[in-house]
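Student: First, the structure itself, so that you have it in front of you.
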Amino acid sequence: MAYDDTEILAVGAGPSNLSLAALAAPIAGVRLTAVEARDSVSWHPGLMWSTSRLQVSGVKDLVSLVDPRSRFSFVNFLHEHGRLYRHLIAGAEYVSRREFGQYFGWVAEKVGVRLGETVHELDHDGSLFVARTSRGVRRSRSVVLGVGQAPYLPDCARTIDSPRVWHAAEHLTRGLPATGRTVLLVGGGQSAGEIALDLLSQAAGPPRRLIWATGGGGLRPLDDSAFSNEWFNPRFAEYFQRLGAEHRTALLGRQSDATCGITGELLTRTYRKLYELDYLSDTPFTHTVLAGSRLTGLRGGRHGCHATVQDTVTGEHREYEADLVVLATGFRPAIPDFLAPLRKRLPIRGDGYEVDRDYRLRWDGPDENRIYVQNAAQRSHGVADPNLGLAAWRSAVILNSLLGREHYALKAEDITLSLR
């Protein structure tokens with residue numbers, strides 16, 4: 001396989017590496033190949049309800065905040081599909097996740113993502129990276145890892161192998177019918193809120209009982225106010241990188257309401273649905289909302305599960321029986337197995353990478369062979385790292401670093417906050 005100094009292998013074709021491929025496409029001399037293990041570019045299919053809403057503006061697509069004139073913009077997607085006027089006339093205050101999923105698929109086709117190609121092993125032969133995949137061997141000068149985050153399970157649930165227990169990421173693809181059953185829902189974030197509303201709104205009827213353990217933080221509204229949204233500005237990400245590790249950790253803790261809550265609109269819809277089921281419906285239904293409680297024990301059986309839930313205020317433990325358990329416990333960065341040949345050569349601390357400002361991993365190999373990571377640097381780059389709003393900026397930072405020059409100008413945008 002031919003190669004040159006700017007050839008890039010992008011592993012994974014989620015939004016981050018789709019952004020990278022789209023921004024790389026018009027740059028002369030850059031040859032990028034993106035591979036994706038799945039047979040389609042799907043964006044959290046287990047959570048893709050018809051009513052799911054994007055939590056950022058449609059302008060925060062794969063390219064527009066870096067290159068507003070790009071042919072890979074969401075607006076151009078609407079234009080090429082003959083629906084731009086209707087999209088505007090529909091007047092929605094939000095973009096549906098399903099429509100953005102269609103947009104991602106369109107970009108993937110345009111940039112030539114290699115679908116159904118799994119990377120089994122990534123190594124280095126002294127001069128090039130060697131990726132052994134389900135389609136053969138690929139060699140490249142540099143690699144960008146965009147494999148996404150892995151579903152996180154509480155310790156007590158990691159050994160449970162039961163069709164009655166599933167992570168939120170599998171809810172629509174694996175979830176069993178909940179009507180007439182007792183369901184334990186664990187988690188207090190946006191996914192948990194969406195699953196709660198889905199369970200309460202199923203056409204066949206709601207569960208017989210919903211037990212909702214909301215996590216240590218309870219049911220908190222997501223903070224999407226204007227000044228908090230400044231944390232998702234590239235200028236703030238640059239400021240965050242300059243802080244010491246102790247200050248970064250403290251700041252991330254104070255900013256959790258901007259990422260770990262549920263939108264006020266969804267909280268209102270869910271509360272209203274509970275009200276209707278409690279007072280305006282003849283359907284047998286009860287609910288127990290355990291605010292500020294976390295799952296500490298789980299045992300699976302043939303006909304259901306036994307759960308232990310702890311109140312984080314009083315320390316009291318309660319026992320519950322449930323037919324089904326849904327774990328809306330979020331996602332965490334994970335080191336992919338295919339990195340095993342390189343793992344001892346990479347800057348890894350605990351379960352995460354040590355990442356430079358340009359998203360590069362300072363490994364012990366030749367500097368001309370570089371490894372970059374997408375959506376795995378919240379610890380070093382701030383609360384906005386997993387957010388779609390910074391995907392285009394991060395990809396442009398990586399491309400500028402690979403090129404050794406500022407192809408994309410990234411210093412023009414202002415910020416209201418005073419960053420010392």
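Chain lettering (A, B, ...) mirrors the order of the structure tokens, residue numbering begins at 1 for each chain separately, and ligand numbering begins at 1 in order of display.
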For stretch 51-59 of chain A, work out the shell of residues within 8 Å, counting only C-alpha atoms and skipping chain neighbours fewer than 5 positions away, then give it as JSON, numbers by chain.

Tutor: {"A": [64, 65, 74, 94, 95, 96, 97, 98, 100, 194, 388, 389]}

Student: Could you pull out all residues of stretch 241-383 of chain A with a DSSP call of helix (DSSP H, G or I) and give them as a PDB file with C-alpha atoms, in the first residue's frame?

Tutor:
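Dumped to states_34.pdb:
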ATOM      1  CA  GLN A 241      -5.168  22.684  29.173  1.00  0.00           C
ATOM      2  CA  ARG A 242      -2.855  25.238  30.819  1.00  0.00           C
ATOM      3  CA  ALA A 245      -3.790  18.553  37.082  1.00  0.00           C
ATOM      4  CA  GLU A 246      -5.246  19.305  40.524  1.00  0.00           C
ATOM      5  CA  HIS A 247      -7.040  22.420  39.298  1.00  0.00           C
ATOM      6  CA  ARG A 248      -8.384  20.607  36.228  1.00  0.00           C
ATOM      7  CA  THR A 249      -9.873  17.864  38.397  1.00  0.00           C
ATOM      8  CA  ALA A 250     -11.523  20.393  40.711  1.00  0.00           C
ATOM      9  CA  LEU A 251     -12.935  22.371  37.806  1.00  0.00           C
ATOM     10  CA  LEU A 252     -14.406  19.279  36.140  1.00  0.00           C
ATOM     11  CA  GLY A 253     -16.264  18.509  39.348  1.00  0.00           C
ATOM     12  CA  ARG A 254     -17.784  21.995  39.461  1.00  0.00           C
ATOM     13  CA  SER A 256     -20.753  18.460  36.062  1.00  0.00           C
ATOM     14  CA  ASP A 257     -24.203  20.097  35.816  1.00  0.00           C
ATOM     15  CA  ALA A 258     -23.372  21.094  32.237  1.00  0.00           C
ATOM     16  CA  GLY A 264     -35.658  20.813  31.791  1.00  0.00           C
ATOM     17  CA  GLU A 265     -38.039  20.056  28.934  1.00  0.00           C
ATOM     18  CA  LEU A 266     -37.573  16.283  29.320  1.00  0.00           C
ATOM     19  CA  LEU A 267     -37.942  16.456  33.094  1.00  0.00           C
ATOM     20  CA  THR A 268     -41.235  18.304  32.634  1.00  0.00           C
ATOM     21  CA  ARG A 269     -42.560  15.798  30.080  1.00  0.00           C
ATOM     22  CA  THR A 270     -41.609  12.862  32.313  1.00  0.00           C
ATOM     23  CA  TYR A 271     -43.183  14.412  35.416  1.00  0.00           C
ATOM     24  CA  ARG A 272     -46.363  15.146  33.447  1.00  0.00           C
ATOM     25  CA  LYS A 273     -46.521  11.553  32.240  1.00  0.00           C
ATOM     26  CA  LEU A 274     -46.189  10.270  35.800  1.00  0.00           C
ATOM     27  CA  TYR A 275     -48.998  12.614  36.847  1.00  0.00           C
ATOM     28  CA  GLU A 276     -51.254  11.320  34.074  1.00  0.00           C
ATOM     29  CA  LEU A 277     -50.593   7.693  34.985  1.00  0.00           C
ATOM     30  CA  ASP A 278     -51.150   8.401  38.701  1.00  0.00           C
ATOM     31  CA  TYR A 279     -54.396  10.327  38.415  1.00  0.00           C
ATOM     32  CA  ASP A 337      -7.917  -4.285  22.825  1.00  0.00           C
ATOM     33  CA  PHE A 338      -6.303  -3.838  19.415  1.00  0.00           C
ATOM     34  CA  LEU A 339      -3.692  -1.563  21.014  1.00  0.00           C
ATOM     35  CA  ALA A 340      -2.219  -4.498  22.976  1.00  0.00           C
ATOM     36  CA  PRO A 341       1.027  -4.632  20.906  1.00  0.00           C
ATOM     37  CA  LEU A 342       1.634  -0.920  21.597  1.00  0.00           C
ATOM     38  CA  ARG A 343       0.199  -0.573  25.077  1.00  0.00           C
ATOM     39  CA  LYS A 344       3.533  -0.565  26.933  1.00  0.00           C
ATOM     40  CA  ARG A 345       4.780   2.159  24.589  1.00  0.00           C
ATOM     41  CA  GLN A 378     -11.712  15.211  29.104  1.00  0.00           C
ATOM     42  CA  ARG A 379      -9.190  14.930  31.926  1.00  0.00           C
ATOM     43  CA  SER A 380      -6.720  17.174  30.068  1.00  0.00           C
ATOM     44  CA  HIS A 381      -8.943  19.207  27.728  1.00  0.00           C
TER      45      HIS A 381
END

Student: Please report, as a tab-separated table, each residue of stretch 211-305 of chain A lying at most 10 Å from stretch 315-321 of chain A, together with the nearest pair of atoms and the separation in Å rounded to one decimal; use only C-alpha atoms, and order rows by chain and ascending residue number.

Tutor:
residue	atom	partner	partner_atom	distance
A:Ile211	CA	A:Tyr320	CA	8.6
A:Ser293	CA	A:Gly315	CA	9.2
A:Arg294	CA	A:His317	CA	9.6
A:Leu295	CA	A:His317	CA	9.5
A:Thr296	CA	A:His317	CA	8.7
A:Gly297	CA	A:Glu319	CA	9.1
A:Leu298	CA	A:Tyr320	CA	9.6
A:Arg299	CA	A:Glu321	CA	9.8
A:Gly304	CA	A:Glu321	CA	7.1
A:Cys305	CA	A:Glu321	CA	5.8

Student: Hey, can you spit out that residue selection with N, CA and C atoms as a PDB file, in the first residue's frame?

Tutor:
ATOM      1  N   ILE A 211     -39.184   1.432  39.290  1.00  0.00           N
ATOM      2  CA  ILE A 211     -38.288   1.817  40.376  1.00  0.00           C
ATOM      3  C   ILE A 211     -37.123   2.549  39.718  1.00  0.00           C
ATOM      4  N   SER A 293     -29.920   7.950  45.030  1.00  0.00           N
ATOM      5  CA  SER A 293     -29.648   6.561  45.417  1.00  0.00           C
ATOM      6  C   SER A 293     -28.863   5.874  44.312  1.00  0.00           C
ATOM      7  N   ARG A 294     -27.957   4.993  44.716  1.00  0.00           N
ATOM      8  CA  ARG A 294     -27.147   4.293  43.719  1.00  0.00           C
ATOM      9  C   ARG A 294     -27.230   2.782  43.927  1.00  0.00           C
ATOM     10  N   LEU A 295     -27.045   2.067  42.827  1.00  0.00           N
ATOM     11  CA  LEU A 295     -27.055   0.614  42.848  1.00  0.00           C
ATOM     12  C   LEU A 295     -25.754   0.098  43.440  1.00  0.00           C
ATOM     13  N   THR A 296     -25.855  -0.748  44.468  1.00  0.00           N
ATOM     14  CA  THR A 296     -24.644  -1.311  45.095  1.00  0.00           C
ATOM     15  C   THR A 296     -24.583  -2.827  45.009  1.00  0.00           C
ATOM     16  N   GLY A 297     -25.691  -3.469  44.647  1.00  0.00           N
ATOM     17  CA  GLY A 297     -25.689  -4.920  44.527  1.00  0.00           C
ATOM     18  C   GLY A 297     -26.713  -5.382  43.520  1.00  0.00           C
ATOM     19  N   LEU A 298     -26.373  -6.429  42.770  1.00  0.00           N
ATOM     20  CA  LEU A 298     -27.309  -6.955  41.774  1.00  0.00           C
ATOM     21  C   LEU A 298     -27.041  -8.442  41.577  1.00  0.00           C
ATOM     22  N   ARG A 299     -28.104  -9.234  41.678  1.00  0.00           N
ATOM     23  CA  ARG A 299     -28.026 -10.670  41.415  1.00  0.00           C
ATOM     24  C   ARG A 299     -29.103 -11.026  40.406  1.00  0.00           C
ATOM     25  N   GLY A 304     -35.978 -13.020  37.231  1.00  0.00           N
ATOM     26  CA  GLY A 304     -35.856 -11.621  37.593  1.00  0.00           C
ATOM     27  C   GLY A 304     -34.529 -11.332  38.269  1.00  0.00           C
ATOM     28  N   CYS A 305     -34.452 -10.191  38.922  1.00  0.00           N
ATOM     29  CA  CYS A 305     -33.215  -9.755  39.549  1.00  0.00           C
ATOM     30  C   CYS A 305     -33.491  -9.230  40.953  1.00  0.00           C
TER      31      CYS A 305
END

Student: Quick one: pick out all strand (DSSP E or B) residues within stretch 139-257 of chain A from a backbone DSSP run and write them as a list in words.

Tutor: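 For stretch 139-257 of chain A, the strand (DSSP E or B) set is Arg139, Ser140, Ser142, Val143, Val144, Leu145, Ala150, Pro151, Val165, Trp166, His167, Thr182, Val183, Leu184, Leu185, Val186, Arg209, Leu210, Ile211, Trp212, Ala213, Gly215 and Pro221 of chain A.
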
Student: Pick out the closest residue to A:Thr182 from this set: A:Ala131, A:Val326, A:Val144, A:Val309. Count only C-alpha atoms.

Tutor: A:Val326

Student: Report as an MDAnalysis selection string all protein, DNA and RNA residues lying within 9 Å of A:Leu419, evaluated on only C-alpha atoms, omitting residues in the same chain fewer than 5 positions from it.

Tutor: chainID A and resid 235:236 239

Student: May I have the residues within 8 Å of stretch 396-411 of chain A as an MDAnalysis selection string, using only C-alpha atoms and disregarding those fewer than 4 positions away in the same chain?

Tutor: chainID A and resid 6 20 23:24 66:67 358:360 372 392

Student: Take the residues that were just selected and, keeping C-alpha atoms, output them as a PDB file, in the first residue's frame.

Tutor:
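Output file again_14.pdb is given in full below:
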ATOM      1  CA  THR A   6       0.370  12.907   5.504  1.00  0.00           C
ATOM      2  CA  LEU A  20     -11.700  14.594  10.630  1.00  0.00           C
ATOM      3  CA  LEU A  23     -12.113  18.433   6.998  1.00  0.00           C
ATOM      4  CA  ALA A  24      -9.213  16.467   5.487  1.00  0.00           C
ATOM      5  CA  VAL A  66     -14.201  25.511  11.403  1.00  0.00           C
ATOM      6  CA  ASP A  67     -15.123  25.776   7.717  1.00  0.00           C
ATOM      7  CA  ASP A 358      -2.853  18.763  20.008  1.00  0.00           C
ATOM      8  CA  TYR A 359      -4.506  15.450  21.052  1.00  0.00           C
ATOM      9  CA  ARG A 360      -1.314  13.519  20.360  1.00  0.00           C
ATOM     10  CA  TYR A 372      -3.936  10.977  18.095  1.00  0.00           C
ATOM     11  CA  ALA A 392     -14.789  20.135  14.225  1.00  0.00           C
TER      12      ALA A 392
END

Student: Name the closest residue to A:Arg302 among the candidates A:Leu18, A:Ala204, A:Val165, A:Ile8; distances are taken between atoms, counting only C-alpha atoms.

Tutor: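 Among A:Leu18, A:Ala204, A:Val165, A:Ile8, it is A:Val165 that comes nearest to A:Arg302.
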
Student: I'd like the neighbourhood of A:Gly205 as a compact mmCIF listing (two decimals) with N, CA and C atoms, in the first residue's frame, where a residue qualifies if any of its atoms comes within 7 Å (using only C-alpha atoms), though same-chain residues fewer than 3 positions away should be ignored.

Tutor:
# COMPACT_ATOMS: atom_id res chain seq x y z
N THR A 179 -44.24 -3.81 29.57
CA THR A 179 -45.63 -3.68 30.00
C THR A 179 -45.98 -4.75 31.03
N SER A 201 -44.43 5.48 28.15
CA SER A 201 -45.24 5.87 26.99
C SER A 201 -45.45 4.75 25.99
N GLN A 202 -45.05 3.52 26.31
CA GLN A 202 -45.17 2.43 25.34
C GLN A 202 -46.64 2.16 25.00

Student: Of the candidates A:Leu361, A:Ala192, A:Leu280, A:Val41, which shows the shortest atom-to-atom distance to A:Leu145, using only C-alpha atoms?

Tutor: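 Residue with the minimum atom-to-atom distance to A:Leu145: A:Leu361.
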
Student: Atom CA of A:Glu36 and atom CA of A:Asp61 are how many Å apart?

Tutor: 19.8 Å

Student: Would you mind telling me which residue in A:Val313, A:Leu172, A:Ala150, A:Cys156 lies nearest to A:Ala376 when using only C-alpha atoms?

Tutor: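 Looking at the shortest contact to A:Ala376, the residue is A:Ala150.
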
Student: Quick one: residues within 7 Å of A:Ala10, only C-alpha atoms, excluding same-chain residues fewer than 4 positions away - as a tab-separated table (two decimals) with C-alpha atoms, in the first residue's frame?

Tutor:
chain	number	residue	atom	x	y	z
A	17	ASN	CA	-13.48	10.83	12.84
A	33	THR	CA	-8.64	6.23	5.18
A	34	ALA	CA	-11.42	5.75	7.75
A	35	VAL	CA	-12.43	2.24	8.79
A	143	VAL	CA	-3.23	6.94	13.27
A	144	VAL	CA	-6.23	8.74	14.77
A	145	LEU	CA	-8.23	6.70	17.26
A	146	GLY	CA	-11.92	7.56	17.20

Student: Could you work out how far atom CA of A:Asp224 lies from atom CA of A:Pro45, giving the answer in Å with one decimal?

Tutor: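 Atom CA of A:Asp224 lies 24.7 Å from atom CA of A:Pro45.
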
Student: Which residue gives the smallest distance to A:Asp351 among A:Ala328, A:Asn369, A:Gly188, A:Ala377, with only C-alpha atoms counted?

Tutor: A:Ala377

Student: Pick out the closest residue to A:Gly300 from this set: A:Asp161, A:Glu170, A:Glu230, A:Asp198. Count only C-alpha atoms.

Tutor: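 Residue with the minimum atom-to-atom distance to A:Gly300: A:Asp161.
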